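Trainee: If you scroll down you'll find the structure; I have some questions about it.
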Amino acid sequence: MSPRLTPPFVLMALLAIASVSHAATPDQIDQAISKAKNYIYQQQQPDGSWELVPAAEPSPPATAILTVKQSPRAGQWSGRTALAIYALLTAGENPTNEHLAKAVAFLKKSKTMGVYALGVRCQVWLLLPQTPDVRNLMKADAKLLISMMKTEGKAKGMYDYINTKNQEYSHSRSQYAVLGLWAAQQTGVEIPTNYWHTVEEAWVKNQLADGGWGYTTPSYYPTTPGMTAAAVATLYEIQDALAGTRGLDCKGNVDNPAIIKGLDWLAKNADKIGTSKRYVRDFPFSTLYTYERVGVAGGYKYIGDVDWFQKGADWLIKTQQADGSWADPPVENAPAEQWTPGVVDASFAVLFLSRGRSPLVMNKLQYQITPTGGDAHEGHWNQRPRDVANMVRWIGRQTERNLNWQIVNLNAGGEGDLNDAPILYISGDEALSFTSEERDRLRKFVEQGGLIYGNADCGKKDFADGFRALGNALFPTYEFRVLPADHLVYRGQQFDPSKWKTQPGLMGLSNGVRELMILAPDTDPSKTWTQVGAAKTEFLQMAANLYLYATDKKGLNHDQTYIVKLDPSIKAERSTSIARLQYAGNWDPEPGGWRRLAALLHNRHKIDLKVEPVKLGEGKLASYKLAHLTGTSELKLDAAACDELKKFVASGGTLIIDAAGGTSTFAATVDKLLAELWPGKLQAIATEHGLFSAGGQTLSSIKYREFARRVFGSLSTSRLRGIELNGRLAVIYSAEDLSAGLVGEEVDGISGYDPTTATELMTKTILYGSK
C-alpha cells in the first residue's frame, strides 16, 4: 500500500478496532449535554451575559507585552458570553428563546478588541439566521481580525491577544483568529486569498521537528496536544478556504505533509487527551475542543488507533459533576489565571459532545486500483480533499443542524464503519478495480441500507464506465438508467431542480425499492462542492436532496446505529426456519433485512432463525412452517407454484407476503392471486388479534414512513390483512412494505411501515407462525 495512501496514523486506524471502554452511551451523552446546558443557563447574569466583570476594562497600549495574568481581560471581554452562546446554539438551543435572545442582544452591543473573543463571536454569527445586522456584524469582525494579523518578522501570519505592534504571538491566540475568518468566509464575506497563503505559510513554518506545535516557535514549553490539534484544525480550515484554487484539474491526490505529521504526533500522544492526568500547559477542555475540530474537519473516526469521540465522551461522562459542570484542578504551581473552570469548561465540553456526535452525511472512500494481473496503486480518491467537507457544512447550514463526514477504507477498520453514514462517496478519474473481498464489503454496505454515490472527476469517462461496471458486478439483476425528472431525489426534497440552470444528469441503479447506486457521469458536482461560497449552488442543492432522500429527512447521530450484530454470548433456546420463496422475478430485493431480523431474534428472543431460499414449484416447501414471498413488479406464478402454496398453507404452514417498497404493481397481482387461491377469505386482521401480542408484549404503536403518511394520513393502526383457515391465521399479507423496513434504514419513497414497526410486525409474525 502506497505511503501517500496510508500515512502512519491512518494505517494504525485501519488495522485496529479501537480498544476503548465504551462507557458513554448515546443516552448518557444526551443527559450530559442536557445537564451542562442547564448549568450554563444557571450561570447567566441578569444582563444576559456570562462575563466576570460588568464592563470591559481599558486595553493596554498596543506596544505592551501582555502577561498571562492580564490576558483574560486584555480585550477579551464578551468572550465568555460568545463561547456560552456558541455552545448552546451548537447543542440545538433556539436563538429566540428568552435566555439566548437576551444573550445575543448583549453580544451584538458589546465592543471587543480581543482575538479570542472575536474568533468565538464569529462562530455565533455563523449559527444565527443571516439577517442584515448579523451579516454586518460578521463583516466588521472579519475586517478587524484581518487588520490584527502580524505582517512582518517572526510573528508574520500570527496574532497577539489584541492588535499590538510588537512581535508577541501564540498559536493559541492565532487559531481563534483563523477560525473566525473561516466562519466569515462561509457566510460570503470575502477574505483575500493572500491572507490564507500568509497564515498557511506561518503555521507550516512553525511546525516543530517532532511533528507537533508548541505555544510559539521556539517555545518555552514542550509540544502540547492542544496546540498541535489547534494547528492541524487550522490547516484544515485554510485548506477549506483555498480549496477552490486547488485540485480542480484532476492531476492526482492532493496531500498536506504538515497535516499528516501533525496527525501522527496526535496519534502517538493520545494518552494526554481526555484524561485526568496533568502536564505543563494543560487545558483539558479547550484541548478536547481542538481535538474534536481535527476529527470533524479531517473526517476521521480514529486518530491513530483511538476512536477520538468515544475517548473524549467517556472521560467527560465520568468526570461531570452533579450540577452539570466539570471540575478543573490546576497543575501544581500553575498560575490561577490559566484556569477557567465553570462556564468555559462546560461550554467546551458541550461543543465536543454536540459537534462530535453529529449525523454523518457521507463516508468518503479511500481506495486502491487493483487491475487484473497488475500491482495495486493508490486511486485518485482525494483530488479535492475538501469537497465533501465543504458540501456537508453547506447542507448543515441549509437544514439548520450540525452534520459531519468521514473517510473510510475497504481493507480494514471497525466492522460497520461504512454504515456510519447513509451514503458512500466514491470519486476519481480512473477506471475502478476492486478485489472480490472489497466488492463483498461494498455489497454488504448497500444491503444494509446504504447508497453508493459516484462522481466522475472532470467528467472522466473511464471512471463513469468503471462505476457502472462495478454496479453490474455487485447487482447483476439490476441496470443503471437515467433518473427521471420526477424522481424523489429531484422532486421530493428541499430544493426544486426546475430552478437549476445546470442539471446534474444523474444515473441510478435501483432494486425496485430504493436507489442502490447513483452516478454523476459527466457534470462533476465535486468541483462545485469544493468552492466555499460558490455562487452556483445547483450541485450543492443536489447533494442536499440526495442526503435527504437517503435518510428520509432524518439521520442518526454518529453514536447511534440501526445495524444489529448477533451477540455470541447469548445462547439460543430454539431454532426455526423460513423459506424465502424464489420465482422468476425480483424475489429478494432486500436480503440484508433478513440478516438483521435473524440477529434481533437471536438477541431478544433467543431464537436462531435460518433463512433459506426455496424455489417455488419444486415441491421443497413442505418441510417448512414459515414462508415469505415478496417482490416489486407483477407477480407471475405457474400452476405448480400456486398448487404448492395451497398445499403448504393447508398442511399448517404460515405464508407471509409483503409488497417490497409498497409497490402497487406487485400488490395488485397478489390481491388477484389470493382471491383466486382462497376466494373471499382475505380480511383485515383485527387489532385485538393474537398476532399483535405474540411473544408476550402487545404491539400498540404502529407508525408509517413519511412517504406512506402522505398517502394514508395520520393512520396509527395496522393495515395487515390475512386469511384464516381452520381457526388459525394461515396467510398474513401486507400491501405496504415490510421488507425494506427490516433493513432498518430510513429512506424516502417507500410506502410502508417505519423500520421499527416493520421489524416488530415481522418479529411477531415469525413468533406467531413458528409456535
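Every chain in the C-alpha cells takes a letter, A first, then B, and so on in the order presented; its residues are numbered from 1, and the ligands are numbered from 1 following the presented order.
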Skip Leu266 in chain A itself and residues of its chain fewer than 4 positions away, then list as a list in words all residues within 8 Å of it, counting only C-alpha atoms.

Mentor: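 The neighbour list is Gly212, Pro225, Thr228, Ala229, Gly262, Ala270, Ile303 and Gly304 of chain A.
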
Trainee: If we count only C-alpha atoms and set the cut-off at 6 Å, which residues sit around range 716-721 of chain A, ignoring sequence neighbours fewer than 3 positions away in its own chain? Please answer as a list in words.

Mentor: Gln683, Ala684, Ile685, Ile702, Tyr733 and Ser734 of chain A

Trainee: List every residue of range 668-727 of chain A that DSSP, applied to the backbone, labels as strand (DSSP E or B), and write the result as a list in words.

Mentor: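 Checking each residue of range 668-727 of chain A, the strand (DSSP E or B) ones are Gln683, Ala684, Tyr704, Arg721, Gly722, Ile723, Glu724 and Leu725 of chain A.
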
Trainee: Take the residues just selected and output them with N, CA and C atoms as an mmCIF file, in the first residue's frame.

Mentor:
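Just written: out_10.cif:
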data_model
loop_
_atom_site.group_PDB
_atom_site.id
_atom_site.type_symbol
_atom_site.label_atom_id
_atom_site.label_comp_id
_atom_site.auth_asym_id
_atom_site.auth_seq_id
_atom_site.Cartn_x
_atom_site.Cartn_y
_atom_site.Cartn_z
ATOM 1 N N GLN A 683 -59.212 -10.896 4.687
ATOM 2 C CA GLN A 683 -59.875 -9.927 5.556
ATOM 3 C C GLN A 683 -58.830 -9.133 6.343
ATOM 4 N N ALA A 684 -59.242 -7.939 6.808
ATOM 5 C CA ALA A 684 -58.370 -7.157 7.690
ATOM 6 C C ALA A 684 -58.143 -7.916 8.990
ATOM 7 N N TYR A 704 -45.930 4.710 10.387
ATOM 8 C CA TYR A 704 -45.649 4.576 8.962
ATOM 9 C C TYR A 704 -44.551 5.541 8.546
ATOM 10 N N ARG A 721 -53.640 -7.594 6.343
ATOM 11 C CA ARG A 721 -54.787 -8.453 6.042
ATOM 12 C C ARG A 721 -54.347 -9.911 6.130
ATOM 13 N N GLY A 722 -55.320 -10.780 6.277
ATOM 14 C CA GLY A 722 -54.961 -12.185 6.423
ATOM 15 C C GLY A 722 -56.061 -13.127 5.975
ATOM 16 N N ILE A 723 -55.720 -14.387 5.905
ATOM 17 C CA ILE A 723 -56.653 -15.449 5.564
ATOM 18 C C ILE A 723 -56.636 -16.476 6.687
ATOM 19 N N GLU A 724 -57.779 -16.723 7.291
ATOM 20 C CA GLU A 724 -57.875 -17.713 8.357
ATOM 21 C C GLU A 724 -58.395 -19.034 7.783
ATOM 22 N N LEU A 725 -57.716 -20.089 8.154
ATOM 23 C CA LEU A 725 -58.111 -21.435 7.757
ATOM 24 C C LEU A 725 -58.075 -22.336 8.978
#

Trainee: Quick one: residues within 6 Å of range 500-511 of chain A, only C-alpha atoms counted, chain neighbours fewer than 3 positions away excluded, as a ChimeraX atom specification?

Mentor: /A:479-483,497,514-520,523,538,589

Trainee: Quick one: residues within 10 Å of range 197-199 of chain A, only C-alpha atoms, excluding same-chain residues fewer than 2 positions away - as an MDAnalysis selection string?

Mentor: chainID A and resid 149:151 156:159 174:175 178 192:195 201:205 234:235 238:239 241:242

Trainee: Give the answer as one residue: which of A:His487, A:Lys35, A:Ala544, A:Ile29 has the shortest atom-to-atom distance to Arg397 in chain A, using only C-alpha atoms?

Mentor: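 Closest to Arg397 in chain A of all the choices is A:Ala544.
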
Trainee: Of the residues A:Gln321, A:Thr551, A:Gln531, A:Ser498, which is the one nearest to Pro422 in chain A, using only C-alpha atoms?

Mentor: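 Answer, going by the shortest atom-to-atom distance: A:Thr551.
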
Trainee: If you take only C-alpha atoms and a cut-off of 10 Å, which residues of range 185-273 of chain A touch range 458-462 of chain A, and what are their nearest atom pairs and distances in Å to one decimal, in chain and number order, as a Markdown table?

Mentor:
| residue | atom | partner | partner_atom | distance |
| --- | --- | --- | --- | --- |
| A:Leu248 | CA | A:Cys458 | CA | 7.9 |
| A:Asp249 | CA | A:Cys458 | CA | 7.1 |
| A:Cys250 | CA | A:Cys458 | CA | 6.5 |

Trainee: Tell me which protein, DNA and RNA residues are within 9 Å of Ile656 in chain A, counting only C-alpha atoms, leaving out same-chain ones fewer than 3 positions away, and put them as an MDAnalysis selection string.

Mentor: chainID A and resid 626:630 730:734 762 765

Trainee: Generate a file of the selected residues that holds C-alpha atoms, formatted as a JSON list (two decimals), in the first residue's frame.

Mentor:
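Done, and the output landed in out38.json:
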[["chain", "number", "residue", "atom", "x", "y", "z"],
["A", 626, "LEU", "CA", -42.90, -20.40, 7.58],
["A", 627, "ALA", "CA", -42.55, -18.95, 4.09],
["A", 628, "HIS", "CA", -42.09, -15.39, 2.86],
["A", 629, "LEU", "CA", -43.00, -14.01, -0.56],
["A", 630, "THR", "CA", -42.16, -10.52, -1.77],
["A", 730, "ALA", "CA", -52.58, -19.02, 7.68],
["A", 731, "VAL", "CA", -51.75, -16.14, 5.32],
["A", 732, "ILE", "CA", -50.51, -12.74, 6.53],
["A", 733, "TYR", "CA", -50.39, -10.11, 3.82],
["A", 734, "SER", "CA", -49.15, -6.51, 3.78],
["A", 762, "MET", "CA", -42.32, -9.30, 11.16],
["A", 765, "THR", "CA", -45.35, -12.81, 12.62]]

Trainee: Can you list, as a list in words, every residue of range 557-598 of chain A that DSSP puts in alpha helix (DSSP H)?

Mentor: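 So the alpha helix (DSSP H) residues in range 557-598 of chain A would be Pro591, Gly592, Gly593, Trp594, Arg595, Arg596, Leu597 and Ala598 of chain A.
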
Trainee: Kindly export the residues of the current selection with N, CA and C atoms, as an mmCIF file, in the first residue's frame.

Mentor:
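Result written to part-v8.cif:
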data_model
loop_
_atom_site.group_PDB
_atom_site.id
_atom_site.type_symbol
_atom_site.label_atom_id
_atom_site.label_comp_id
_atom_site.auth_asym_id
_atom_site.auth_seq_id
_atom_site.Cartn_x
_atom_site.Cartn_y
_atom_site.Cartn_z
ATOM 1 N N PRO A 591 -32.076 -8.463 0.817
ATOM 2 C CA PRO A 591 -31.585 -9.609 1.602
ATOM 3 C C PRO A 591 -31.010 -9.216 2.959
ATOM 4 N N GLY A 592 -30.502 -7.988 3.068
ATOM 5 C CA GLY A 592 -29.909 -7.567 4.337
ATOM 6 C C GLY A 592 -30.910 -7.478 5.462
ATOM 7 N N GLY A 593 -32.177 -7.252 5.141
ATOM 8 C CA GLY A 593 -33.191 -7.152 6.178
ATOM 9 C C GLY A 593 -33.365 -8.441 6.958
ATOM 10 N N TRP A 594 -33.250 -9.558 6.264
ATOM 11 C CA TRP A 594 -33.419 -10.846 6.951
ATOM 12 C C TRP A 594 -32.224 -11.191 7.824
ATOM 13 N N ARG A 595 -31.028 -10.754 7.434
ATOM 14 C CA ARG A 595 -29.867 -10.960 8.306
ATOM 15 C C ARG A 595 -30.035 -10.145 9.592
ATOM 16 N N ARG A 596 -30.531 -8.936 9.442
ATOM 17 C CA ARG A 596 -30.760 -8.085 10.623
ATOM 18 C C ARG A 596 -31.834 -8.681 11.528
ATOM 19 N N LEU A 597 -32.937 -9.157 10.930
ATOM 20 C CA LEU A 597 -34.008 -9.740 11.735
ATOM 21 C C LEU A 597 -33.527 -10.994 12.458
ATOM 22 N N ALA A 598 -32.705 -11.800 11.797
ATOM 23 C CA ALA A 598 -32.182 -13.008 12.439
ATOM 24 C C ALA A 598 -31.355 -12.653 13.669
#

Trainee: Could you pull the residues within 6 Å of range 342-358 of chain A, counting only C-alpha atoms, minus those fewer than 5 positions along the same chain, as a PyMOL selection string?

Mentor: chain A and resi 33+40+84+87+91+285-286+289+292+325+402-403+557-559
